file work-v1.txt (compact mmCIF, C-alpha atoms)
# COMPACT_ATOMS: atom_id res chain seq x y z
CA MET E 237 119.68 85.19 102.57
CA THR E 238 116.11 86.31 103.08
CA ILE E 239 115.19 90.00 102.96
CA VAL E 240 113.01 90.74 105.99
CA GLY E 241 110.61 93.63 105.58
CA PHE E 242 108.04 95.46 107.69
CA HIS E 243 104.47 95.88 106.41
CA ASN E 244 102.61 99.11 107.15
CA SER E 245 98.84 98.65 107.27
CA HIS E 246 97.14 101.97 106.56
CA GLU E 247 93.76 100.38 107.25
CA GLN E 248 94.64 99.81 110.88
CA VAL E 249 97.06 102.46 112.03
CA HIS E 250 97.22 106.26 111.97
CA PRO E 251 99.86 107.39 109.44
CA ALA E 252 101.89 109.16 112.13
CA ALA E 253 102.13 105.95 114.13
CA LEU E 254 103.05 104.00 110.99
CA LEU E 255 105.81 106.48 110.24
CA ALA E 256 107.24 106.02 113.72
CA ALA E 257 106.96 102.24 113.36
CA SER E 258 108.87 102.20 110.06
CA GLN E 259 111.63 104.34 111.52
CA ARG E 260 111.87 102.01 114.50
CA ALA E 261 111.87 98.98 112.19
CA GLU E 262 114.86 100.35 110.30
CA GLN E 263 116.74 100.95 113.56
CA ALA E 264 115.88 97.41 114.67
CA GLY E 265 117.42 95.83 111.58
CA PHE E 266 114.55 95.31 109.14
CA ASP E 267 115.81 95.40 105.55
CA ALA E 268 112.81 96.85 103.73
CA ALA E 269 109.20 97.99 104.06
CA MET E 270 105.94 97.99 102.15
CA CYS E 271 102.46 99.40 102.65
CA SER E 272 98.86 98.99 101.61
CA ASP E 273 96.96 101.54 99.51
CA HIS E 274 93.31 101.58 100.61
CA TRP E 275 90.43 104.02 100.59
CA ALA E 276 88.65 102.19 103.43
CA PRO E 277 89.64 99.76 106.18
CA TRP E 278 88.55 96.13 106.11
CA SER E 279 86.64 96.63 109.37
CA VAL E 280 85.07 99.51 111.26
CA ARG E 281 87.15 98.34 114.23
CA GLN E 282 90.36 99.07 112.34
CA GLY E 283 89.29 102.66 111.90
CA HIS E 284 91.94 104.20 109.61
CA SER E 285 92.96 104.55 105.99
CA GLY E 286 95.59 107.19 105.36
CA PHE E 287 96.68 108.13 101.83
CA ALA E 288 99.58 105.85 100.94
CA TRP E 289 101.32 108.10 98.42
CA THR E 290 101.58 111.10 100.75
CA TRP E 291 102.86 108.82 103.48
CA LEU E 292 105.43 107.13 101.22
CA GLY E 293 107.17 110.44 100.55
CA ALA E 294 107.55 111.03 104.29
CA ALA E 295 108.59 107.46 105.03
CA MET E 296 111.22 107.31 102.31
CA ALA E 297 112.62 110.73 103.22
CA THR E 298 113.06 109.78 106.88
CA THR E 299 114.48 106.26 106.42
CA ARG E 300 116.89 104.55 104.03
CA LEU E 301 114.66 101.52 103.54
CA PRO E 302 113.45 100.40 100.12
CA PHE E 303 109.65 100.59 99.97
CA GLY E 304 106.86 99.05 97.97
CA VAL E 305 103.12 99.66 97.72
CA VAL E 306 100.21 97.59 96.44
CA ASN E 307 98.05 99.63 94.08
CA ALA E 308 95.03 99.02 91.83
CA PRO E 309 95.10 101.18 88.68
CA GLY E 310 92.11 101.52 86.38
CA GLN E 311 89.17 102.79 88.42
CA ARG E 312 89.96 104.82 91.55
CA TYR E 313 93.35 105.67 90.01
CA HIS E 314 93.92 106.58 86.38
CA PRO E 315 97.03 104.68 85.21
CA ALA E 316 98.75 107.89 84.07
CA ILE E 317 98.46 109.29 87.59
CA VAL E 318 99.89 106.07 89.03
CA ALA E 319 102.78 106.32 86.58
CA GLN E 320 103.45 109.92 87.62
CA ALA E 321 103.41 109.02 91.33
CA VAL E 322 105.69 106.03 90.76
CA ALA E 323 108.10 108.04 88.62
CA SER E 324 108.39 110.87 91.14
CA LEU E 325 109.17 108.58 94.08
CA ALA E 326 111.64 106.59 91.99
CA ALA E 327 113.32 109.81 90.83
CA MET E 328 113.75 111.08 94.38
CA PHE E 329 114.80 107.73 95.85
CA PRO E 330 116.66 105.78 93.14
CA GLY E 331 116.51 102.02 93.43
CA ARG E 332 114.35 102.11 96.54
CA PHE E 333 110.79 101.87 95.24
CA TRP E 334 108.55 99.24 93.68
CA VAL E 335 104.82 99.05 93.04
CA ALA E 336 102.61 95.96 92.89
CA LEU E 337 99.74 96.43 90.44
CA GLY E 338 96.54 94.49 91.06
CA SER E 339 92.94 94.36 89.85
CA GLY E 340 91.52 95.87 93.03
CA GLU E 341 88.72 95.35 95.57
CA ASN E 342 85.28 96.90 95.52
CA VAL E 343 85.62 98.23 99.08
CA ASN E 344 88.06 100.79 97.66
CA GLU E 345 86.95 101.24 94.06
CA HIS E 346 83.18 101.79 94.43
CA ILE E 347 83.75 105.40 95.50
CA THR E 348 84.01 106.53 91.87
CA GLY E 349 80.40 105.55 91.26
CA ALA E 350 81.44 103.48 88.25
CA ARG E 351 80.18 99.91 88.01
CA TRP E 352 82.32 97.18 89.52
CA PRO E 353 83.43 94.98 86.59
CA ALA E 354 83.63 91.20 86.60
CA LYS E 355 87.01 89.68 87.45
CA THR E 356 87.83 88.83 83.83
CA GLU E 357 87.27 92.44 82.81
CA ARG E 358 89.27 93.74 85.78
CA ASP E 359 92.15 91.48 84.80
CA ALA E 360 92.04 92.73 81.22
CA ARG E 361 91.89 96.33 82.46
CA LEU E 362 94.92 95.68 84.65
CA ARG E 363 96.96 94.47 81.67
CA GLU E 364 96.08 97.63 79.77
CA CYS E 365 97.10 99.73 82.78
CA VAL E 366 100.40 97.87 83.16
CA ASP E 367 101.25 98.48 79.51
CA ILE E 368 100.33 102.16 79.82
CA ILE E 369 102.37 102.66 82.99
CA ARG E 370 105.39 100.86 81.55
CA ALA E 371 105.25 102.90 78.33
CA LEU E 372 105.03 106.15 80.30
CA LEU E 373 108.00 105.13 82.45
CA ASP E 374 109.86 104.45 79.20
CA GLY E 375 109.33 108.10 78.26
CA GLU E 376 106.74 107.46 75.56
CA GLU E 377 103.74 109.66 74.81
CA VAL E 378 100.69 107.45 75.26
CA THR E 379 97.26 107.60 73.68
CA HIS E 380 95.06 104.62 74.41
CA HIS E 381 91.40 103.71 73.89
CA GLY E 382 90.19 100.55 75.55
CA LEU E 383 88.91 99.67 79.01
CA VAL E 384 90.76 102.81 80.06
CA THR E 385 91.36 105.95 78.03
CA VAL E 386 94.56 107.97 77.81
CA ASP E 387 95.00 111.07 75.67
CA ARG E 388 98.54 112.19 74.78
CA ALA E 389 100.04 111.54 78.20
CA LYS E 390 103.76 111.95 78.75
CA LEU E 391 105.84 112.00 81.92
CA TRP E 392 108.12 115.00 82.13
CA THR E 393 110.07 113.80 85.17
CA LEU E 394 111.51 110.33 84.72
CA PRO E 395 113.64 108.33 87.15
CA GLU E 396 117.14 107.34 86.13
CA GLU E 397 116.43 103.82 87.39
CA LYS E 398 113.05 102.38 86.45
CA PRO E 399 111.04 101.05 89.40
CA LEU E 400 109.95 97.42 89.39
CA LEU E 401 106.33 96.65 88.48
CA ILE E 402 105.37 93.69 90.66
CA GLY E 403 102.46 91.27 90.28
CA PRO E 404 100.35 90.65 93.41
CA ALA E 405 98.77 87.18 93.48
CA VAL E 406 96.72 85.12 95.90
CA THR E 407 95.99 82.15 93.65
CA PRO E 408 98.33 79.98 91.54
CA ALA E 409 96.34 80.94 88.43
CA THR E 410 96.92 84.65 89.01
CA ALA E 411 100.61 84.03 89.68
CA ARG E 412 100.93 82.25 86.33
CA ALA E 413 99.09 85.08 84.55
CA HIS E 414 101.38 87.72 86.08
CA ALA E 415 104.50 85.89 84.88
CA GLY E 416 103.98 87.39 81.42
CA TRP E 417 104.50 90.99 82.53
CA ALA E 418 105.70 91.30 86.13
CA ASP E 419 109.21 92.12 87.34
CA GLY E 420 108.53 90.02 90.45
CA LEU E 421 105.71 88.56 92.53
CA VAL E 422 104.22 89.24 95.97
CA THR E 423 101.65 87.05 97.73
CA VAL E 424 100.13 86.64 101.20
CA ASN E 425 100.39 83.84 103.74
CA GLN E 426 98.05 80.89 103.37
CA SER E 427 98.59 77.16 103.57
CA PRO E 428 102.14 76.03 102.69
CA GLU E 429 100.70 73.80 99.96
CA VAL E 430 99.03 76.74 98.20
CA LEU E 431 102.13 78.92 98.62
CA GLU E 432 104.24 76.23 96.99
CA GLN E 433 101.81 76.18 94.04
CA VAL E 434 101.88 79.98 93.75
CA VAL E 435 105.68 80.03 93.59
CA HIS E 436 105.81 77.06 91.22
CA GLU E 437 103.24 78.47 88.78
CA TYR E 438 105.00 81.82 88.61
CA ARG E 439 108.43 80.31 88.02
CA ALA E 440 107.16 77.60 85.64
CA ALA E 441 105.54 80.27 83.47
CA GLY E 442 108.84 82.13 83.20
CA GLY E 443 108.26 84.59 86.01
CA ARG E 444 111.35 86.69 86.71
CA GLY E 445 112.64 88.68 89.65
CA GLN E 446 112.14 88.20 93.36
CA VAL E 447 109.18 86.43 94.93
CA ALA E 448 107.99 88.00 98.18
CA LEU E 449 105.57 86.92 100.90
CA GLN E 450 103.56 89.14 103.21
CA VAL E 451 102.75 87.35 106.48
CA HIS E 452 100.01 88.43 108.86
CA VAL E 453 101.23 87.94 112.43
CA SER E 454 99.55 88.43 115.78
CA TRP E 455 102.18 88.30 118.50
CA ALA E 456 101.72 89.12 122.17
CA PRO E 457 103.58 87.88 125.26
CA ASP E 458 100.70 85.58 126.22
CA ALA E 459 98.52 83.29 124.12
CA ASP E 460 95.14 84.80 125.04
CA ALA E 461 96.25 88.32 124.15
CA ALA E 462 97.72 87.19 120.81
CA LEU E 463 94.47 85.53 119.78
CA ALA E 464 92.38 88.46 121.05
CA VAL E 465 94.35 90.93 118.92
CA ALA E 466 94.00 88.70 115.85
CA ARG E 467 90.24 88.35 116.37
CA GLU E 468 89.64 92.03 117.02
CA GLN E 469 91.70 93.36 114.15
CA PHE E 470 91.60 90.67 111.48
CA ARG E 471 88.59 88.39 111.69
CA SER E 472 86.80 90.41 109.00
CA GLN E 473 89.74 89.98 106.63
CA VAL E 474 89.99 86.20 106.70
CA ILE E 475 87.32 85.99 104.01
CA GLY E 476 89.09 85.13 100.79
CA PRO E 477 88.32 85.79 97.13
CA PRO E 478 86.00 86.10 95.34
CA VAL E 479 83.85 87.36 98.24
CA ALA E 480 86.58 89.70 99.49
CA TRP E 481 86.88 91.28 96.04
CA ASP E 482 83.20 92.16 95.83
CA LEU E 483 82.10 93.39 99.29
CA ASP E 484 81.84 97.16 99.21
CA THR E 485 81.96 98.52 102.78
CA PRO E 486 83.80 97.86 106.07
CA GLU E 487 80.38 97.21 107.60
CA ALA E 488 79.80 94.39 105.10
CA PHE E 489 83.13 92.81 106.01
CA ASP E 490 82.21 93.05 109.69
CA GLN E 491 78.93 91.26 109.05
CA VAL E 492 80.64 88.45 107.16
CA GLY E 493 83.24 88.13 109.91
CA GLU E 494 80.72 88.05 112.72
CA HIS E 495 80.87 84.29 113.28
CA VAL E 496 84.40 83.50 112.10
CA SER E 497 85.95 80.79 114.26
CA ASP E 498 89.30 80.97 116.04
CA ASP E 499 90.60 78.19 113.79
CA THR E 500 89.73 80.22 110.69
CA VAL E 501 91.57 83.24 112.10
CA ARG E 502 94.61 81.07 112.82
CA ARG E 503 94.64 79.81 109.21
CA THR E 504 95.09 83.40 108.01
CA VAL E 505 97.15 84.92 110.81
CA LEU E 506 100.21 83.41 112.52
CA VAL E 507 99.02 83.70 116.12
CA ASP E 508 101.80 83.07 118.62
CA HIS E 509 103.22 84.20 121.94
CA ASP E 510 106.48 82.23 121.75
CA PRO E 511 109.15 84.22 119.82
CA ALA E 512 111.28 81.16 119.08
CA ARG E 513 108.35 79.20 117.70
CA LEU E 514 107.22 82.20 115.66
CA ALA E 515 110.71 82.48 114.17
CA ASP E 516 110.60 78.79 113.24
CA ARG E 517 107.17 79.12 111.61
CA LEU E 518 108.25 82.13 109.57
CA SER E 519 111.47 80.42 108.55
CA GLU E 520 109.51 77.43 107.24
CA LEU E 521 107.40 79.73 105.09
CA ALA E 522 110.42 81.61 103.74
CA ALA E 523 112.09 78.31 102.83
CA ILE E 524 109.25 77.50 100.40
CA GLY E 525 111.00 79.72 97.88
CA PHE E 526 110.65 83.35 98.91
CA ASP E 527 113.40 85.90 98.46
CA ALA E 528 111.73 88.39 100.81
CA ILE E 529 109.22 88.14 103.64
CA TYR E 530 107.29 91.13 104.98
CA LEU E 531 105.95 90.90 108.53
CA HIS E 532 102.57 92.45 109.29
CA GLN E 533 101.79 92.63 113.00
CA VAL E 534 97.98 92.94 112.98
CA ALA E 535 97.94 95.24 116.01
CA THR E 536 97.47 98.96 116.32
CA ASP E 537 99.48 101.72 117.96
CA PRO E 538 98.42 104.98 119.56
CA VAL E 539 99.30 108.09 117.58
CA PRO E 540 102.68 109.45 118.78
CA ASN E 541 102.10 112.45 121.08
CA HIS E 542 98.39 112.44 120.24
CA ASP E 543 96.99 109.70 122.49
CA LYS E 544 94.10 111.88 123.63
CA HIS E 545 92.83 113.00 120.24
CA ASP E 546 89.14 112.25 119.79
CA ASP E 547 89.60 111.26 116.15
CA VAL E 548 91.89 108.33 116.97
CA ALA E 549 90.06 105.03 116.65
CA PRO E 550 89.88 103.18 119.99
CA THR E 551 91.72 99.92 120.27
CA SER E 552 91.98 97.20 122.85
CA THR E 553 95.45 96.20 121.69
CA PRO E 554 97.53 95.71 124.84
CA ARG E 555 100.67 97.81 125.09
CA SER E 556 102.72 94.61 125.07
CA ALA E 557 101.45 93.76 121.56
CA THR E 558 101.78 97.10 119.78
CA LEU E 559 103.88 97.61 116.66
CA GLU E 560 106.67 99.04 118.82
CA ALA E 561 106.73 95.98 121.06
CA PHE E 562 106.58 93.65 118.05
CA VAL E 563 109.50 95.36 116.31
CA ASP E 564 111.62 95.09 119.44
CA MET E 565 110.74 91.41 119.88
CA ALA E 566 111.41 90.64 116.22
CA ALA E 567 114.79 92.36 116.32
CA GLU E 568 115.94 90.08 119.11
CA HIS E 569 114.23 86.79 118.32
CA VAL E 570 113.06 86.65 114.69
CA LEU E 571 115.27 88.66 112.35
CA PRO E 572 118.59 86.91 113.11
CA GLN E 573 117.15 83.50 112.24
CA LEU E 574 114.88 84.55 109.40
CA LYS E 575 117.60 86.42 107.54
CA GLN E 576 119.66 83.25 107.35
CA VAL E 577 117.00 81.26 105.49
CA THR E 578 117.92 80.38 101.91
CA ALA E 579 115.04 79.63 99.55

call {"tool": "encode", "arguments": {"input": "work-v1.txt", "output": "structure tokens"}}
result
Amino acid sequence: MTIVGFHNSHEQVHPAALLAASQRAEQAGFDAAMCSDHWAPWSVRQGHSGFAWTWLGAAMATTRLPFGVVNAPGQRYHPAIVAQAVASLAAMFPGRFWVALGSGENVNEHITGARWPAKTERDARLRECVDIIRALLDGEEVTHHGLVTVDRAKLWTLPEEKPLLIGPAVTPATARAHAGWADGLVTVNQSPEVLEQVVHEYRAAGGRGQVALQVHVSWAPDADAALAVAREQFRSQVIGPPVAWDLDTPEAFDQVGEHVSDDTVRRTVLVDHDPARLADRLSELAAIGFDAIYLHQVATDPVPNHDKHDDVAPTSTPRSATLEAFVDMAAEHVLPQLKQVTA
């Protein structure tokens, strides 16, 4: 049976609204949750970027869901600090936390003022960080001199159950490379043919653990509203690698997304107004070979009890397409079918 999770997009939604959405998702029957870890949104229109690690403590304390987060150690985060954050959450919530470790995007990492390395160097830095984090979680004292430096680091609070270190991959080549170290794989929706290659390359290279898929969805009760939400919130994020890795500001993403076509948006986001058809489309993706599928409704919600705050980014998301409305729709029309899919 497929694990169905709820994705929390910090780039788009105020952390208070995300917290309410995760709590509602648990009540609606979602099995798990995950979140992004960004410094900046992908678009000025999205208008948020709360701190994932603070939010995770609140989310895990107020639900019973297992959670994961996608993180990029090595530049904005020192790997020892990532290890400490991971260990603390895993110690407080045994068996409920995983972290996906990637090579990062410049839109988040440039804030340190350090140069943005080439992809080959970022990949090598990631492997060093993975080894450092794993050694620290094993209770070792770590000193390391390489693309990152660690001096006599040791974790003093260790979890009884080690959290999984997951490999995030968009391309088949990255999936194959992660097979050598990862406890599982997570990827994002793209063409079924590419997804099949991603799963195959990971498994063929000896990749272990679960393989998960995050799916961007834009659902609304009518077709025009569903497409409008997808265009408003996600047209700047349909640009794939390597361009997406190297752009350094939300404004740059907005410029690149200025003339994105509706067809391009639809290739990245499952745009639909028919719940039954959406359930079928998601089930087909899960059947490719995914153990878990995380649904990301690319809409925004007002902040609970703070709708009039001036610091809340404006949104044209109709009330019928908010996270709350999506969760309720999914509970009735999507989850029962999707959970029955066997990879």

call {"tool": "residues_around", "arguments": {"input": "work-v1.txt", "residues": "Arg312 of chain E", "least_positions_apart": "4", "cutoff": "12 Å", "atoms": "all atoms listed in the file", "output": "short mmCIF file (atom, residue, chain, number, x, y, z; two decimals) with C-alpha atoms, keeping the file's coordinate frame"}}
result
data_model
loop_
_atom_site.label_atom_id
_atom_site.label_comp_id
_atom_site.auth_asym_id
_atom_site.auth_seq_id
_atom_site.Cartn_x
_atom_site.Cartn_y
_atom_site.Cartn_z
CA ASP E 273 96.96 101.54 99.51
CA HIS E 274 93.31 101.58 100.61
CA TRP E 275 90.43 104.02 100.59
CA ASN E 307 98.05 99.63 94.08
CA ALA E 308 95.03 99.02 91.83
CA ALA E 316 98.75 107.89 84.07
CA ILE E 317 98.46 109.29 87.59
CA VAL E 318 99.89 106.07 89.03
CA SER E 339 92.94 94.36 89.85
CA GLY E 340 91.52 95.87 93.03
CA GLU E 341 88.72 95.35 95.57
CA ASN E 342 85.28 96.90 95.52
CA VAL E 343 85.62 98.23 99.08
CA ASN E 344 88.06 100.79 97.66
CA GLU E 345 86.95 101.24 94.06
CA HIS E 346 83.18 101.79 94.43
CA ILE E 347 83.75 105.40 95.50
CA THR E 348 84.01 106.53 91.87
CA GLY E 349 80.40 105.55 91.26
CA ALA E 350 81.44 103.48 88.25
CA ARG E 351 80.18 99.91 88.01
CA TRP E 352 82.32 97.18 89.52
CA VAL E 384 90.76 102.81 80.06
#

call {"tool": "residues_around", "arguments": {"input": "work-v1.txt", "residues": "segment 569-571 of chain E", "least_positions_apart": "3", "cutoff": "7 Å", "atoms": "only C-alpha atoms", "output": "ChimeraX atom specification"}}
result
/E:511-512,515,565-566,574-575

call {"tool": "atom_distance", "arguments": {"input": "work-v1.txt", "atom1": "atom CA of Thr299 of chain E", "atom2": "atom CA of Asn244 of chain E"}}
result
13.9 Å

call {"tool": "closest_residue", "arguments": {"input": "work-v1.txt", "among": "E:Leu531, E:Ala405, E:Ala253, E:Leu518", "to": "Val422 of chain E", "atoms": "only C-alpha atoms"}}
result
E:Ala405

call {"tool": "residues_around", "arguments": {"input": "work-v1.txt", "residues": "segment 408-414 of chain E", "least_positions_apart": "4", "cutoff": "10 Å", "atoms": "only C-alpha atoms", "output": "ChimeraX atom specification"}}
result
/E:337-338,359,363,402-404,418-423,430-443

call {"tool": "residues_around", "arguments": {"input": "work-v1.txt", "residues": "Leu514 of chain E", "least_positions_apart": "6", "cutoff": "10 Å", "atoms": "only C-alpha atoms", "output": "list of chain:residue names"}}
result
E:Val453, E:Ser454, E:Trp455, E:Leu506, E:Val507, E:Asp508, E:Glu520, E:Ala566, E:His569, E:Val570

call {"tool": "residues_around", "arguments": {"input": "work-v1.txt", "residues": "Trp334 of chain E", "least_positions_apart": "3", "cutoff": "9 Å", "atoms": "only C-alpha atoms", "output": "MDAnalysis selection string"}}
result
chainID E and resid 270 302:306 322 326 331 399:402

call {"tool": "closest_residue", "arguments": {"input": "work-v1.txt", "among": "E:Ile524, E:Ala321, E:Leu449, E:Ala535", "to": "Thr578 of chain E", "atoms": "only C-alpha atoms"}}
result
E:Ile524

call {"tool": "closest_residue", "arguments": {"input": "work-v1.txt", "among": "E:Met237, E:Val424, E:Val447, E:Val249", "to": "Pro277 of chain E", "atoms": "only C-alpha atoms"}}
result
E:Val249

call {"tool": "atom_distance", "arguments": {"input": "work-v1.txt", "atom1": "atom CA of Thr385 of chain E", "atom2": "atom CA of Ala415 of chain E"}}
result
24.9 Å

call {"tool": "closest_residue", "arguments": {"input": "work-v1.txt", "among": "E:Phe329, E:Phe489, E:Trp417, E:Tyr313", "to": "Ser472 of chain E", "atoms": "all atoms listed in the file"}}
result
E:Phe489

call {"tool": "atom_distance", "arguments": {"input": "work-v1.txt", "atom1": "atom CA of Val240 of chain E", "atom2": "atom CA of Ala319 of chain E"}}
result
26.9 Å
